[in-house]
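**Q** Contents are PDB, C-alpha atoms; file name run19.pdb:
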ATOM      1  CA  LYS K1399      -7.064  -9.518 -17.774  1.00  0.00           C
ATOM      2  CA  LYS K1400     -10.198  -9.745 -15.630  1.00  0.00           C
ATOM      3  CA  THR K1401     -13.851  -9.553 -16.656  1.00  0.00           C
ATOM      4  CA  PHE K1402     -16.902  -9.327 -14.390  1.00  0.00           C
ATOM      5  CA  SER K1403     -20.154 -10.088 -16.268  1.00  0.00           C
ATOM      6  CA  ASN K1404     -19.951  -7.706 -19.242  1.00  0.00           C
ATOM      7  CA  VAL K1405     -17.407  -5.329 -17.679  1.00  0.00           C
ATOM      8  CA  VAL K1406     -13.718  -5.707 -18.547  1.00  0.00           C
ATOM      9  CA  ALA K1407     -12.178  -4.459 -15.292  1.00  0.00           C
ATOM     10  CA  VAL K1408      -8.533  -5.057 -16.239  1.00  0.00           C
ATOM     11  CA  ASP K1409      -7.397  -5.382 -19.851  1.00  0.00           C
ATOM     12  CA  GLY K1410      -3.749  -6.071 -20.653  1.00  0.00           C
ATOM     13  CA  VAL K1411      -2.091  -4.402 -17.664  1.00  0.00           C
ATOM     14  CA  SER K1412       1.575  -5.354 -17.263  1.00  0.00           C
ATOM     15  CA  PHE K1413       4.310  -3.961 -15.027  1.00  0.00           C
ATOM     16  CA  GLU K1414       7.309  -4.945 -12.918  1.00  0.00           C
ATOM     17  CA  VAL K1415       8.437  -3.655  -9.520  1.00  0.00           C
ATOM     18  CA  LYS K1416      11.982  -4.252  -8.288  1.00  0.00           C
ATOM     19  CA  ARG K1417      13.313  -4.402  -4.754  1.00  0.00           C
ATOM     20  CA  GLY K1418      14.293  -0.977  -3.471  1.00  0.00           C
ATOM     21  CA  GLU K1419      11.733   0.665  -5.741  1.00  0.00           C
ATOM     22  CA  ILE K1420       8.360   2.349  -5.285  1.00  0.00           C
ATOM     23  CA  LEU K1421       5.971   1.826  -8.176  1.00  0.00           C
ATOM     24  CA  GLY K1422       2.878   3.991  -8.418  1.00  0.00           C
ATOM     25  CA  LEU K1423      -0.223   2.230  -9.737  1.00  0.00           C
ATOM     26  CA  LEU K1424      -2.169   5.271 -10.840  1.00  0.00           C
ATOM     27  CA  GLY K1425      -5.546   6.070 -12.337  1.00  0.00           C
ATOM     28  CA  PRO K1426      -8.961   7.531 -11.560  1.00  0.00           C
ATOM     29  CA  ASN K1427     -11.530   5.772  -9.373  1.00  0.00           C
ATOM     30  CA  GLY K1428     -12.842   2.688 -11.176  1.00  0.00           C
ATOM     31  CA  ALA K1429      -9.743   2.382 -13.393  1.00  0.00           C
ATOM     32  CA  GLY K1430      -9.016  -1.202 -12.268  1.00  0.00           C
ATOM     33  CA  LYS K1431      -6.269  -0.544  -9.712  1.00  0.00           C
ATOM     34  CA  THR K1432      -7.864  -2.477  -6.830  1.00  0.00           C
ATOM     35  CA  THR K1433      -8.830  -5.401  -9.087  1.00  0.00           C
ATOM     36  CA  THR K1434      -5.203  -5.576 -10.276  1.00  0.00           C
ATOM     37  CA  ILE K1435      -3.973  -5.616  -6.663  1.00  0.00           C
ATOM     38  CA  ARG K1436      -6.456  -8.339  -5.698  1.00  0.00           C
ATOM     39  CA  MET K1437      -5.164 -10.500  -8.542  1.00  0.00           C
ATOM     40  CA  ILE K1438      -1.562 -10.018  -7.386  1.00  0.00           C
ATOM     41  CA  LEU K1439      -2.644 -11.133  -3.908  1.00  0.00           C
ATOM     42  CA  ASP K1440      -4.498 -14.176  -5.332  1.00  0.00           C
ATOM     43  CA  ILE K1441      -7.771 -12.958  -3.789  1.00  0.00           C
ATOM     44  CA  ILE K1442      -9.285 -13.221  -7.261  1.00  0.00           C
ATOM     45  CA  LYS K1443      -7.912 -15.133 -10.250  1.00  0.00           C
ATOM     46  CA  PRO K1444      -7.085 -13.424 -13.562  1.00  0.00           C
ATOM     47  CA  ASP K1445      -8.952 -14.667 -16.634  1.00  0.00           C
ATOM     48  CA  GLN K1446      -5.734 -14.364 -18.639  1.00  0.00           C
ATOM     49  CA  GLY K1447      -2.100 -13.641 -17.854  1.00  0.00           C
ATOM     50  CA  THR K1448       0.397 -14.584 -15.150  1.00  0.00           C
ATOM     51  CA  ILE K1449       1.618 -12.934 -11.943  1.00  0.00           C
ATOM     52  CA  LYS K1450       5.051 -13.925 -10.646  1.00  0.00           C
ATOM     53  CA  PHE K1451       7.194 -13.202  -7.591  1.00  0.00           C
ATOM     54  CA  ASP K1452      10.926 -13.761  -8.260  1.00  0.00           C
ATOM     55  CA  GLY K1453       9.868 -15.766 -11.314  1.00  0.00           C
ATOM     56  CA  LYS K1454       7.542 -18.092  -9.372  1.00  0.00           C
ATOM     57  CA  GLU K1455       3.766 -18.335  -9.259  1.00  0.00           C
ATOM     58  CA  ILE K1456       2.253 -16.851  -6.092  1.00  0.00           C
ATOM     59  CA  ASP K1457       1.762 -19.559  -3.439  1.00  0.00           C
ATOM     60  CA  ASP K1458       1.122 -19.590   0.338  1.00  0.00           C
ATOM     61  CA  GLU K1459       4.821 -19.234   1.158  1.00  0.00           C
ATOM     62  CA  ILE K1460       5.117 -16.171  -1.075  1.00  0.00           C
ATOM     63  CA  LYS K1461       1.895 -14.677   0.332  1.00  0.00           C
ATOM     64  CA  SER K1462       3.549 -14.572   3.769  1.00  0.00           C
ATOM     65  CA  LYS K1463       6.218 -12.289   2.247  1.00  0.00           C
ATOM     66  CA  ILE K1464       3.615  -9.736   1.142  1.00  0.00           C
ATOM     67  CA  GLY K1465       2.159  -6.912   3.217  1.00  0.00           C
ATOM     68  CA  TYR K1466      -1.180  -5.490   2.085  1.00  0.00           C
ATOM     69  CA  LEU K1467      -3.066  -2.372   3.077  1.00  0.00           C
ATOM     70  CA  PRO K1468      -6.594  -2.519   1.593  1.00  0.00           C
ATOM     71  CA  GLU K1469      -8.464   0.629   0.643  1.00  0.00           C
ATOM     72  CA  GLU K1470     -11.434  -0.340   2.837  1.00  0.00           C
ATOM     73  CA  ARG K1471     -11.328  -0.843   6.603  1.00  0.00           C
ATOM     74  CA  GLY K1472     -10.773  -4.500   7.485  1.00  0.00           C
ATOM     75  CA  LEU K1473     -10.527  -4.409  11.271  1.00  0.00           C
ATOM     76  CA  TYR K1474     -12.646  -6.022  13.975  1.00  0.00           C
ATOM     77  CA  ARG K1475     -14.296  -3.006  15.576  1.00  0.00           C
ATOM     78  CA  LYS K1476     -14.831  -4.477  19.066  1.00  0.00           C
ATOM     79  CA  THR K1477     -11.274  -5.797  19.425  1.00  0.00           C
ATOM     80  CA  LYS K1478      -8.507  -3.853  21.165  1.00  0.00           C
ATOM     81  CA  VAL K1479      -5.718  -2.282  19.103  1.00  0.00           C
ATOM     82  CA  MET K1480      -2.833  -4.428  20.381  1.00  0.00           C
ATOM     83  CA  GLU K1481      -4.843  -7.665  20.164  1.00  0.00           C
ATOM     84  CA  THR K1482      -5.810  -6.822  16.585  1.00  0.00           C
ATOM     85  CA  ILE K1483      -2.196  -6.219  15.561  1.00  0.00           C
ATOM     86  CA  LEU K1484      -0.980  -9.422  17.277  1.00  0.00           C
ATOM     87  CA  TYR K1485      -3.739 -11.479  15.667  1.00  0.00           C
ATOM     88  CA  PHE K1486      -2.806 -10.407  12.137  1.00  0.00           C
ATOM     89  CA  ALA K1487       0.928 -10.765  12.886  1.00  0.00           C
ATOM     90  CA  GLU K1488       0.410 -14.382  13.994  1.00  0.00           C
ATOM     91  CA  LEU K1489      -1.534 -15.081  10.790  1.00  0.00           C
ATOM     92  CA  LYS K1490       1.642 -14.018   8.949  1.00  0.00           C
ATOM     93  CA  GLY K1491       3.761 -16.451  10.989  1.00  0.00           C
ATOM     94  CA  LEU K1492       5.259 -14.166  13.654  1.00  0.00           C
ATOM     95  CA  ASP K1493       5.529 -15.484  17.195  1.00  0.00           C
ATOM     96  CA  ARG K1494       3.581 -13.463  19.772  1.00  0.00           C
ATOM     97  CA  LYS K1495       6.638 -12.112  21.635  1.00  0.00           C
ATOM     98  CA  THR K1496       8.333 -10.775  18.489  1.00  0.00           C
ATOM     99  CA  ALA K1497       5.028  -9.350  17.253  1.00  0.00           C
ATOM    100  CA  PHE K1498       4.448  -7.606  20.608  1.00  0.00           C
ATOM    101  CA  GLU K1499       7.880  -5.920  20.588  1.00  0.00           C
ATOM    102  CA  ARG K1500       7.465  -4.776  16.993  1.00  0.00           C
ATOM    103  CA  ALA K1501       3.917  -3.581  17.671  1.00  0.00           C
ATOM    104  CA  LYS K1502       5.120  -1.446  20.603  1.00  0.00           C
ATOM    105  CA  HIS K1503       7.727   0.168  18.321  1.00  0.00           C
ATOM    106  CA  TRP K1504       5.227   1.001  15.580  1.00  0.00           C
ATOM    107  CA  LEU K1505       2.491   2.191  17.941  1.00  0.00           C
ATOM    108  CA  LYS K1506       5.000   4.605  19.461  1.00  0.00           C
ATOM    109  CA  ARG K1507       6.124   5.727  16.001  1.00  0.00           C
ATOM    110  CA  PHE K1508       2.529   6.488  15.024  1.00  0.00           C
ATOM    111  CA  GLU K1509       1.786   8.140  18.401  1.00  0.00           C
ATOM    112  CA  LEU K1510      -0.707   5.407  19.284  1.00  0.00           C
ATOM    113  CA  ALA K1511       1.097   3.831  22.263  1.00  0.00           C
ATOM    114  CA  GLU K1512      -1.501   5.182  24.690  1.00  0.00           C
ATOM    115  CA  ARG K1513      -4.322   3.671  22.621  1.00  0.00           C
ATOM    116  CA  ALA K1514      -2.991   0.083  22.641  1.00  0.00           C
ATOM    117  CA  ASN K1515      -5.864  -1.069  24.867  1.00  0.00           C
ATOM    118  CA  SER K1516      -8.578   0.979  23.155  1.00  0.00           C
ATOM    119  CA  ARG K1517     -11.158  -0.752  20.997  1.00  0.00           C
ATOM    120  CA  ILE K1518     -10.788  -0.169  17.253  1.00  0.00           C
ATOM    121  CA  GLU K1519     -14.231   1.493  17.138  1.00  0.00           C
ATOM    122  CA  GLU K1520     -13.035   4.118  19.639  1.00  0.00           C
ATOM    123  CA  LEU K1521     -10.334   5.359  17.236  1.00  0.00           C
ATOM    124  CA  SER K1522     -10.721   8.102  14.658  1.00  0.00           C
ATOM    125  CA  LYS K1523     -10.717   7.155  10.981  1.00  0.00           C
ATOM    126  CA  GLY K1524      -7.097   8.331  10.667  1.00  0.00           C
ATOM    127  CA  ASN K1525      -5.940   6.293  13.666  1.00  0.00           C
ATOM    128  CA  GLN K1526      -7.705   3.200  12.335  1.00  0.00           C
ATOM    129  CA  GLN K1527      -5.784   3.750   9.096  1.00  0.00           C
ATOM    130  CA  LYS K1528      -2.532   3.872  11.086  1.00  0.00           C
ATOM    131  CA  VAL K1529      -3.359   0.515  12.734  1.00  0.00           C
ATOM    132  CA  GLN K1530      -3.950  -1.017   9.299  1.00  0.00           C
ATOM    133  CA  ILE K1531      -0.627   0.369   8.064  1.00  0.00           C
ATOM    134  CA  ILE K1532       1.150  -1.196  11.068  1.00  0.00           C
ATOM    135  CA  ILE K1533      -0.507  -4.553  10.318  1.00  0.00           C
ATOM    136  CA  SER K1534       0.669  -4.403   6.691  1.00  0.00           C
ATOM    137  CA  ILE K1535       4.371  -3.908   7.563  1.00  0.00           C
ATOM    138  CA  LEU K1536       4.812  -5.560  10.991  1.00  0.00           C
ATOM    139  CA  HIS K1537       5.923  -8.951   9.600  1.00  0.00           C
ATOM    140  CA  ASP K1538       8.756  -7.291   7.587  1.00  0.00           C
ATOM    141  CA  PRO K1539       7.394  -8.212   4.135  1.00  0.00           C
ATOM    142  CA  GLU K1540       9.512  -8.202   0.975  1.00  0.00           C
ATOM    143  CA  LEU K1541       6.659  -6.768  -1.114  1.00  0.00           C
ATOM    144  CA  VAL K1542       4.408  -4.065   0.331  1.00  0.00           C
ATOM    145  CA  ILE K1543       1.147  -3.227  -1.486  1.00  0.00           C
ATOM    146  CA  LEU K1544      -0.679  -0.113  -0.306  1.00  0.00           C
ATOM    147  CA  ASP K1545      -4.083   0.810  -1.720  1.00  0.00           C
ATOM    148  CA  GLU K1546      -4.801   4.531  -1.102  1.00  0.00           C
ATOM    149  CA  PRO K1547      -2.645   4.616   2.061  1.00  0.00           C
ATOM    150  CA  PHE K1548      -3.019   8.370   2.653  1.00  0.00           C
ATOM    151  CA  ALA K1549      -6.822   8.242   2.923  1.00  0.00           C
ATOM    152  CA  GLY K1550      -7.986   9.660   6.252  1.00  0.00           C
ATOM    153  CA  LEU K1551      -4.524  10.846   7.341  1.00  0.00           C
ATOM    154  CA  ASP K1552      -3.910  14.474   8.276  1.00  0.00           C
ATOM    155  CA  PRO K1553      -0.909  16.313   6.707  1.00  0.00           C
ATOM    156  CA  VAL K1554       1.418  15.525   9.649  1.00  0.00           C
ATOM    157  CA  ASN K1555       0.717  11.789   9.428  1.00  0.00           C
ATOM    158  CA  GLN K1556       0.937  11.869   5.640  1.00  0.00           C
ATOM    159  CA  GLU K1557       4.511  13.158   6.055  1.00  0.00           C
ATOM    160  CA  LEU K1558       5.225  10.418   8.612  1.00  0.00           C
ATOM    161  CA  LEU K1559       3.928   7.737   6.240  1.00  0.00           C
ATOM    162  CA  LYS K1560       6.063   9.148   3.403  1.00  0.00           C
ATOM    163  CA  ASP K1561       9.138   8.869   5.642  1.00  0.00           C
ATOM    164  CA  ILE K1562       8.261   5.265   6.516  1.00  0.00           C
ATOM    165  CA  LEU K1563       7.782   4.333   2.843  1.00  0.00           C
ATOM    166  CA  LEU K1564      11.180   5.795   1.986  1.00  0.00           C
ATOM    167  CA  GLU K1565      12.730   3.845   4.892  1.00  0.00           C
ATOM    168  CA  LEU K1566      11.163   0.625   3.549  1.00  0.00           C
ATOM    169  CA  LYS K1567      12.601   1.438   0.138  1.00  0.00           C
ATOM    170  CA  GLU K1568      16.050   1.910   1.744  1.00  0.00           C
ATOM    171  CA  LYS K1569      15.629  -1.563   3.287  1.00  0.00           C
ATOM    172  CA  ASN K1570      15.286  -2.947  -0.248  1.00  0.00           C
ATOM    173  CA  LYS K1571      11.547  -3.631  -0.095  1.00  0.00           C
ATOM    174  CA  ALA K1572       9.510  -3.633  -3.289  1.00  0.00           C
ATOM    175  CA  ILE K1573       6.547  -1.274  -2.887  1.00  0.00           C
ATOM    176  CA  ILE K1574       3.385  -0.924  -4.977  1.00  0.00           C
ATOM    177  CA  PHE K1575       1.516   2.204  -4.070  1.00  0.00           C
ATOM    178  CA  SER K1576      -1.951   2.753  -5.553  1.00  0.00           C
ATOM    179  CA  THR K1577      -3.404   6.242  -5.579  1.00  0.00           C
ATOM    180  CA  HIS K1578      -5.243   8.824  -7.627  1.00  0.00           C
ATOM    181  CA  GLN K1579      -3.344  11.669  -5.905  1.00  0.00           C
ATOM    182  CA  MET K1580      -0.771  12.540  -8.552  1.00  0.00           C
ATOM    183  CA  ASP K1581       1.222  14.898  -6.289  1.00  0.00           C
ATOM    184  CA  GLN K1582       1.847  12.068  -3.786  1.00  0.00           C
ATOM    185  CA  ALA K1583       2.940   9.778  -6.601  1.00  0.00           C
ATOM    186  CA  GLU K1584       5.344  12.370  -7.984  1.00  0.00           C
ATOM    187  CA  LYS K1585       7.024  12.849  -4.586  1.00  0.00           C
ATOM    188  CA  LEU K1586       7.404   9.140  -3.827  1.00  0.00           C
ATOM    189  CA  CYS K1587       7.503   6.955  -6.911  1.00  0.00           C
ATOM    190  CA  ASP K1588      10.488   5.785  -8.949  1.00  0.00           C
ATOM    191  CA  SER K1589       8.251   4.422 -11.699  1.00  0.00           C
ATOM    192  CA  ILE K1590       4.560   4.472 -12.516  1.00  0.00           C
ATOM    193  CA  CYS K1591       1.911   2.481 -14.338  1.00  0.00           C
ATOM    194  CA  LEU K1592      -1.090   4.603 -15.282  1.00  0.00           C
ATOM    195  CA  ILE K1593      -4.313   2.766 -16.128  1.00  0.00           C
ATOM    196  CA  ASN K1594      -7.716   4.027 -17.220  1.00  0.00           C
ATOM    197  CA  LYS K1595     -10.885   1.984 -17.785  1.00  0.00           C
ATOM    198  CA  GLY K1596      -8.839  -1.163 -17.201  1.00  0.00           C
ATOM    199  CA  LYS K1597      -6.290  -0.446 -19.926  1.00  0.00           C
ATOM    200  CA  PRO K1598      -2.656   0.612 -19.505  1.00  0.00           C
ATOM    201  CA  VAL K1599      -2.098   4.203 -20.658  1.00  0.00           C
ATOM    202  CA  LEU K1600       1.613   4.626 -19.957  1.00  0.00           C
ATOM    203  CA  SER K1601       4.338   3.159 -17.774  1.00  0.00           C
ATOM    204  CA  GLY K1602       8.018   3.630 -17.065  1.00  0.00           C
ATOM    205  CA  SER K1603      10.318   5.565 -14.799  1.00  0.00           C
ATOM    206  CA  LEU K1604       9.016   8.923 -13.609  1.00  0.00           C
ATOM    207  CA  SER K1605      11.812  10.806 -15.368  1.00  0.00           C
ATOM    208  CA  GLU K1606      11.095   9.009 -18.677  1.00  0.00           C
ATOM    209  CA  VAL K1607       7.380   9.748 -18.445  1.00  0.00           C
ATOM    210  CA  LYS K1608       8.005  13.418 -17.645  1.00  0.00           C
ATOM    211  CA  SER K1609      10.464  13.897 -20.503  1.00  0.00           C
ATOM    212  CA  LYS K1610       8.155  12.133 -22.966  1.00  0.00           C
ATOM    213  CA  PHE K1611       4.809  13.608 -21.954  1.00  0.00           C
ATOM    214  CA  GLY K1612       5.722  16.810 -20.089  1.00  0.00           C
ATOM    215  CA  ARG K1613       4.830  20.062 -21.808  1.00  0.00           C
ATOM    216  CA  ASP K1614       6.867  23.227 -22.072  1.00  0.00           C
ATOM    217  CA  THR K1615       5.832  25.691 -19.384  1.00  0.00           C
ATOM    218  CA  ILE K1616       6.241  29.442 -19.084  1.00  0.00           C
ATOM    219  CA  HIS K1617       6.907  31.000 -15.673  1.00  0.00           C
ATOM    220  CA  ILE K1618       5.606  34.554 -15.425  1.00  0.00           C
ATOM    221  CA  GLU K1619       6.407  36.935 -12.583  1.00  0.00           C
ATOM    222  CA  PHE K1620       4.220  39.951 -11.974  1.00  0.00           C
ATOM    223  CA  ASP K1621       3.464  42.662  -9.416  1.00  0.00           C
TER
END
Reformat the file's structure so that it appears as structure tokens.

**A**
Amino acid sequence: KKTFSNVVAVDGVSFEVKRGEILGLLGPNGAGKTTTIRMILDIIKPDQGTIKFDGKEIDDEIKSKIGYLPEERGLYRKTKVMETILYFAELKGLDRKTAFERAKHWLKRFELAERANSRIEELSKGNQQKVQIIISILHDPELVILDEPFAGLDPVNQELLKDILLELKEKNKAIIFSTHQMDQAEKLCDSICLINKGKPVLSGSLSEVKSKFGRDTIHIEFD
């Protein structure tokens, strides 16, 4: 639970994400998704409740095992792409050589290899988003938290990001994926937690939710 002044931003939200699973944290804008994520990351403290990683309270050691993609841009605009990636990788404990090799791989994967020496401000919004995605996964985190990761990406790069998320799932990563795009959630998520106005509305595996709340549909063909 989290309250700001008179506004209850998060009220009784509870969920679990396992390794090798993608959980969709869903809801409209202002539902409390980002506040929930910031509490998981220990950026802000909950007023009530506990958040645990493998049964332990979140501490600095555990934070280094988490990769986070914020909804807003958080990059230094005057800094070059490669330097930006290396800086954040070193903050997560990677040595510079390892970070450089991994960065080259991901820049190539995202078709950004030729922009490694460009300043962040010279990139399009979509390419800046790709750099932030690289930063969030470069240190091989065990838990990946992505807040609106598809924002600013064209359809081709949305497909690429979907493939990468499924690869991370195959590598037994736990993934929390926040969005208000229900079609993306349906394609990717194993389970969901839907919140509205800070309160949990429903949660469970996607198949359970569909069977419980899905409606009968009629398919009509016509000339």

**Q** Choose the residue, out of K:Leu1439, K:Val1415, K:Val1542, K:Leu1536, that has the smallest atom-to-atom separation from Ala1497 in chain K; count only C-alpha atoms.

**A** K:Leu1536

**Q** Would you work out the distance separating CA of Arg1475 in chain K from CA of Glu1520 in chain K, expressed in Å to one decimal?

**A**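 These atoms are spaced 8.3 Å apart.
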
**Q** Using the chain letters and residue numbers of this document, give as an MDAnalysis selection string the residues selected by the PyMOL selection byres ((chain K and resi 1578) around 7).

**A** chainID K and resid 1424:1426 1577 1579:1580

**Q** Restricted to C-alpha atoms, what would the selected residues look like written as a PDB file, keeping the file's coordinate frame?

**A**
ATOM      1  CA  LEU K1424      -2.169   5.271 -10.840  1.00  0.00           C
ATOM      2  CA  GLY K1425      -5.546   6.070 -12.337  1.00  0.00           C
ATOM      3  CA  PRO K1426      -8.961   7.531 -11.560  1.00  0.00           C
ATOM      4  CA  THR K1577      -3.404   6.242  -5.579  1.00  0.00           C
ATOM      5  CA  GLN K1579      -3.344  11.669  -5.905  1.00  0.00           C
ATOM      6  CA  MET K1580      -0.771  12.540  -8.552  1.00  0.00           C
TER       7      MET K1580
END

**Q** Would you list the contacts of Glu1481 in chain K as a VMD selection string, taking every protein, DNA or RNA residue within 12 Å and counting only C-alpha atoms, but skipping same-chain residues closer than 6 positions in sequence?

**A** chain K and resid 1473 to 1475 1487 to 1488 1494 1497 to 1498 1501 to 1502 1513 to 1518 1529 1533

**Q** Could you take the residues named above and write them with C-alpha atoms, as a compact mmCIF listing (two decimals), in the coordinates of the input?

**A**
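Everything below was put into again.txt:
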# COMPACT_ATOMS: atom_id res chain seq x y z
CA LEU K 1473 -10.53 -4.41 11.27
CA TYR K 1474 -12.65 -6.02 13.98
CA ARG K 1475 -14.30 -3.01 15.58
CA ALA K 1487 0.93 -10.76 12.89
CA GLU K 1488 0.41 -14.38 13.99
CA ARG K 1494 3.58 -13.46 19.77
CA ALA K 1497 5.03 -9.35 17.25
CA PHE K 1498 4.45 -7.61 20.61
CA ALA K 1501 3.92 -3.58 17.67
CA LYS K 1502 5.12 -1.45 20.60
CA ARG K 1513 -4.32 3.67 22.62
CA ALA K 1514 -2.99 0.08 22.64
CA ASN K 1515 -5.86 -1.07 24.87
CA SER K 1516 -8.58 0.98 23.16
CA ARG K 1517 -11.16 -0.75 21.00
CA ILE K 1518 -10.79 -0.17 17.25
CA VAL K 1529 -3.36 0.52 12.73
CA ILE K 1533 -0.51 -4.55 10.32

**Q** Given the file shown, determine the residues that the PyMOL selection byres ((chain K and resi 1597) around 9) selects; report them as a list in words.

**A** Ala1407, Val1408, Asp1409, Gly1410, Val1411, Ala1429, Gly1430, Leu1592, Ile1593, Asn1594, Lys1595, Gly1596, Pro1598 and Val1599 of chain K

**Q** Would you tabulate, counting all atoms listed in the file, all residues of range 1480-1519 of chain K that have an atom at most 10 Å from an atom of range 1445-1467 of chain K, showing the closest pair of atoms and their distance in Å to one decimal, sorted by chain then ascending number, as JSON lines?

**A**
{"residue": "K:Leu1489", "atom": "CA", "partner": "K:Ser1462", "partner_atom": "CA", "distance": 8.7}
{"residue": "K:Lys1490", "atom": "CA", "partner": "K:Ser1462", "partner_atom": "CA", "distance": 5.5}
{"residue": "K:Gly1491", "atom": "CA", "partner": "K:Ser1462", "partner_atom": "CA", "distance": 7.5}

**Q** Please write the residues picked by the PyMOL selection byres ((chain K and resi 1582) around 12) on this file as a list in words.

**A**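 Taken over the shown coordinates, the PyMOL selection byres ((chain K and resi 1582) around 12) returns Ile1420, Leu1421, Gly1422, Leu1423, Leu1424, Glu1546, Pro1547, Phe1548, Ala1549, Pro1553, Gln1556, Glu1557, Leu1559, Lys1560, Leu1563, Phe1575, Ser1576, Thr1577, His1578, Gln1579, Met1580, Asp1581, Ala1583, Glu1584, Lys1585, Leu1586, Cys1587, Asp1588 and Ile1590 of chain K.
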
**Q** Would you work out the distance separating CA of Ser1589 in chain K from CA of Thr1433 in chain K, expressed in Å to one decimal?

**A**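 Distance reported for this atom pair: 19.9 Å.
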
**Q** What does the distance between CA of Leu1604 in chain K and CA of Leu1566 in chain K come to in Å, to one decimal place?

**A**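 Calculated distance between CA of Leu1604 in chain K and CA of Leu1566 in chain K is 19.2 Å.
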
**Q** Nearest to Asp1552 in chain K among K:Lys1443, K:Ser1534, K:Asn1570, K:Lys1528, with distances taken over all atoms listed in the file: which residue is it?

**A** K:Lys1528

**Q** Where's the centre, and what are the edge lengths in Å to one decimal, of a box along x, y and z enclosing all listed atoms of range 1449-1464 of chain K padded 6 Å per side, as JSON?

**A**
{"center_x": 6.0, "center_y": -14.7, "center_z": -4.1, "size_x": 21.8, "size_y": 21.9, "size_z": 27.7}

**Q** With the input short on atoms, add N, CA, C and O atoms back to range 1506-1518 of chain K and write it as an mmCIF file, keeping the file's coordinate frame.

**A**
data_model
loop_
_atom_site.group_PDB
_atom_site.id
_atom_site.type_symbol
_atom_site.label_atom_id
_atom_site.label_comp_id
_atom_site.auth_asym_id
_atom_site.auth_seq_id
_atom_site.Cartn_x
_atom_site.Cartn_y
_atom_site.Cartn_z
ATOM 1 N N LYS K 1506 4.311 3.394 18.992
ATOM 2 C CA LYS K 1506 5.000 4.605 19.461
ATOM 3 C C LYS K 1506 5.312 5.530 18.289
ATOM 4 O O LYS K 1506 5.127 6.741 18.374
ATOM 5 N N ARG K 1507 5.769 4.933 17.199
ATOM 6 C CA ARG K 1507 6.124 5.727 16.001
ATOM 7 C C ARG K 1507 4.906 6.489 15.470
ATOM 8 O O ARG K 1507 5.017 7.620 15.008
ATOM 9 N N PHE K 1508 3.753 5.863 15.523
ATOM 10 C CA PHE K 1508 2.529 6.488 15.024
ATOM 11 C C PHE K 1508 1.751 7.236 16.120
ATOM 12 O O PHE K 1508 0.601 7.605 15.911
ATOM 13 N N GLU K 1509 2.412 7.426 17.279
ATOM 14 C CA GLU K 1509 1.786 8.140 18.401
ATOM 15 C C GLU K 1509 0.456 7.505 18.816
ATOM 16 O O GLU K 1509 -0.537 8.180 19.074
ATOM 17 N N LEU K 1510 0.474 6.169 18.879
ATOM 18 C CA LEU K 1510 -0.707 5.407 19.284
ATOM 19 C C LEU K 1510 -0.443 4.539 20.516
ATOM 20 O O LEU K 1510 -1.292 3.727 20.882
ATOM 21 N N ALA K 1511 0.730 4.702 21.134
ATOM 22 C CA ALA K 1511 1.097 3.831 22.263
ATOM 23 C C ALA K 1511 0.049 3.870 23.379
ATOM 24 O O ALA K 1511 -0.258 2.842 23.984
ATOM 25 N N GLU K 1512 -0.520 5.047 23.607
ATOM 26 C CA GLU K 1512 -1.501 5.182 24.690
ATOM 27 C C GLU K 1512 -2.862 4.592 24.325
ATOM 28 O O GLU K 1512 -3.736 4.471 25.184
ATOM 29 N N ARG K 1513 -3.032 4.233 23.056
ATOM 30 C CA ARG K 1513 -4.322 3.671 22.621
ATOM 31 C C ARG K 1513 -4.261 2.162 22.415
ATOM 32 O O ARG K 1513 -5.181 1.572 21.853
ATOM 33 N N ALA K 1514 -3.186 1.524 22.878
ATOM 34 C CA ALA K 1514 -2.991 0.083 22.641
ATOM 35 C C ALA K 1514 -4.140 -0.753 23.183
ATOM 36 O O ALA K 1514 -4.493 -1.798 22.612
ATOM 37 N N ASN K 1515 -4.766 -0.303 24.268
ATOM 38 C CA ASN K 1515 -5.864 -1.069 24.867
ATOM 39 C C ASN K 1515 -7.238 -0.498 24.543
ATOM 40 O O ASN K 1515 -8.243 -0.910 25.132
ATOM 41 N N SER K 1516 -7.288 0.455 23.612
ATOM 42 C CA SER K 1516 -8.578 0.979 23.155
ATOM 43 C C SER K 1516 -9.184 0.024 22.132
ATOM 44 O O SER K 1516 -8.459 -0.677 21.407
ATOM 45 N N ARG K 1517 -10.503 0.015 22.055
ATOM 46 C CA ARG K 1517 -11.158 -0.752 20.997
ATOM 47 C C ARG K 1517 -10.990 -0.006 19.670
ATOM 48 O O ARG K 1517 -10.928 1.222 19.647
ATOM 49 N N ILE K 1518 -10.940 -0.773 18.577
ATOM 50 C CA ILE K 1518 -10.788 -0.169 17.253
ATOM 51 C C ILE K 1518 -11.881 0.882 17.001
ATOM 52 O O ILE K 1518 -11.614 1.964 16.473
#
